[in-house]
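**Student:** Would you mind keeping the following structure in view while I ask a few things?
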Amino acid sequence: MNKLLTSLLLLGSVSAFAAEHSEFKQFNNEYNIGYQFSQMDLINGSQQVTQVNQQAINLEVEHLFDLGIWFDINLNMVTNYSQPTLGPDYLNGGSGGQGTGAAGDQAYAFGQNPFMYSFNVKGGYAFSLLDDKMQIIPYITFGRNSNWSSSTIVANGYQPLSNDYFLTGGLGTRLSYRFDNTLMLYADELYNYNWDNSGAIKTIQTDIYGKSYAATNYQMITTVGVKYNFTHDIQLGLSGFWNNYQHQSNIAGMVYTPQNTFGEMITIGLTY
């Protein structure tokens with residue numbers, strides 16, 4: 001009898017959780033492909049600012065379990081990058097310059113945005129509020145993101161690009177509001193720590209440019225978006241985002257690093 005009561009209570013608890021999150025599962029159980037347009041501000045140690053434009057393709061898989069556990073897997077790859085030439089030295093890369101042999105050509109092939117690809121996983125727990133109209137998800141994230149800036153390539157002695165990456169960890173919160181069964185708005189705030197694992201030679205800028213080199217940075221990401229279930233199976237999405245970077249080193253006067261990124265992304269996906 002006790003075993004039967006325990007089983008019934010467990011089934012009842014699972015059913016309650018499933019009912020509590022069922023309205024949001026129709027938005028959060030999805031996978032999509034997106035295209036992203038963004039503009040990045042680069043700043044050097046002399047406080048000079050320039051802008052670059054880029055486009056990227058984004059792949060995402062998202063799932064919300066009956067018990068409220070939520071995860072999101074995201075792969076982002078830059079497909080188009082346009083940066084002006086930032087001085088005669090190929091330390092900053094960019095278009096229009098000429099390298100000095102194979103090394104210089106490799107540096108010029110990149111710019112000063114290190115995040116040419118990123119792979120991140122988020123996991124958290126969903127709390128439902130206002131009769132399942134609102135949902136809040138505190139979460140943690142971890143990932144591996146490229147550090148393919150020209151200055152890293154130079155400082156790393158032109159080692160294979162597979163050596164140039166950040167290990168990323170962070171904390172975030174997502175707040176969602178469901179208007180009906182087809183429309184949901186959300187806001188997401190994430191604080192990341194990007195730990196440089198490139199092994200770049202930290203004396204290169206001390207010897208040549210007067211200050212040390214380090215690419216490790218803090219990253220704050222604010223995203224606001226909307227999901228629209230066009231049909232039972234097809235979901236459309238639109239989002240805008242802002243990234244801010246705080247670097248953990250004194251940057252040489254002529255070296256440019258990311259400061260802010262503004263952009264938007266459109267997505268189309270399938271729910272399941």
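All residue names refer to the structure tokens as shown: chains lettered A, B, ... in order, residues numbered from 1 in each chain, ligands numbered from 1 in order.
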Assign secondary structure with DSSP using the backbone only, and return the residues of segment 68-183 of chain A in strand (DSSP E) as an MDAnalysis selection string.
**Tutor:** chainID A and resid 69:82 117:125 127:129 134:146 165:178 183
**Student:** Contacts between segment 26-43 of chain A and segment 167-197 of chain A, please, where a residue of segment 167-197 of chain A counts if it comes within 9 Å (with only C-alpha atoms); show its shortest atom pair and distance in Å to one decimal, rows by chain and ascending number, as CSV.
**Tutor:**
```
residue,atom,partner,partner_atom,distance
A:Asn181,CA,A:Gln26,CA,7.8
A:Thr182,CA,A:Phe27,CA,8.2
A:Leu183,CA,A:Phe27,CA,8.5
A:Met184,CA,A:Phe27,CA,7.6
```
**Student:** Taking into account only C-alpha atoms, which residue in the set A:Val52, A:Ala155, A:Met116, A:Ala200 is nearest to Pro84 of chain A?
**Tutor:** A:Val52
**Student:** Do you know which residues are at most 12 Å from Pro160 of chain A counting only C-alpha atoms, after dropping those on the same chain fewer than 5 positions away, and could you put them as a tab-separated table (two decimals) with C-alpha atoms, in the first residue's frame?
**Tutor:**
```tsv
chain	number	residue	atom	x	y	z
A	103	ALA	CA	53.11	35.23	-41.40
A	106	GLN	CA	47.96	35.02	-42.17
A	147	ASN	CA	40.23	33.81	-30.20
A	148	TRP	CA	41.15	34.48	-33.83
A	152	THR	CA	46.53	36.97	-30.87
A	153	ILE	CA	47.81	35.26	-34.01
A	154	VAL	CA	50.89	37.51	-34.00
A	165	TYR	CA	40.47	29.91	-28.06
A	198	SER	CA	45.90	30.80	-26.66
A	199	GLY	CA	49.20	30.87	-24.78
A	200	ALA	CA	50.08	34.11	-26.55
```
**Student:** Please list as an NGL selection string every residue within 7 Å of segment 222-237 of chain A, counting only C-alpha atoms and excluding residues in the same chain fewer than 4 positions away.
**Tutor:** :A and (182-190 or 241-243 or 266-272)
**Student:** Per DSSP on the backbone, filter segment 16-222 of chain A down to the residues in alpha helix (DSSP H) and report them as a PyMOL selection string.
**Tutor:** chain A and resi 16-28+101-108+150-155+204-208
**Student:** Please identify all polymer residues within 10 Å of Ser128 of chain A, counting only C-alpha atoms, omitting same-chain residues fewer than 5 positions from it, and present them as a list in words.
**Tutor:**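 With the cut-off at 10 Å, the set is Phe17, Glu20, His21, Glu23, Phe24, Gly68, Lys133, Met134, Gln135, Ile136, Ile137, Ser176 and Tyr177 of chain A.
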**Student:** Given the choices A:Met265, A:Ile69, A:Leu171, A:Met254, which gets closest to Gln47 of chain A if the distance is worked out from only C-alpha atoms?
**Tutor:** A:Met254
**Student:** Pick the closest to Ser150 of chain A from A:Asn260, A:Ser239, A:Gln112, A:Asn76: which is it, counting only C-alpha atoms?
**Tutor:**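 Among A:Asn260, A:Ser239, A:Gln112, A:Asn76, it is A:Gln112 that comes nearest to Ser150 of chain A.
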**Student:** For a quick check of understanding, using only C-alpha atoms, which of A:Ala215, A:Leu75, A:Leu59, A:Val121 has the smallest distance to Gly169 of chain A?
**Tutor:**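 Ranking A:Ala215, A:Leu75, A:Leu59, A:Val121 by distance to Gly169 of chain A, first place goes to A:Val121.
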**Student:** Which residue gives the smallest distance to Phe115 of chain A among A:Ser22, A:Asn156, A:Thr173, A:Gln54, with only C-alpha atoms counted?
**Tutor:**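 The answer is A:Gln54, which sits nearest to Phe115 of chain A.
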**Student:** Considering only C-alpha atoms, state which residue in the set A:Phe166, A:Trp195, A:Tyr125, A:Phe110 is at the smallest distance from Trp70 of chain A.
**Tutor:** A:Tyr125
**Student:** May I ask for the distance between atom CA of Thr79 of chain A and atom CA of Tyr139 of chain A, given in Å to one decimal place?
**Tutor:**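 It comes out at 28.8 Å.
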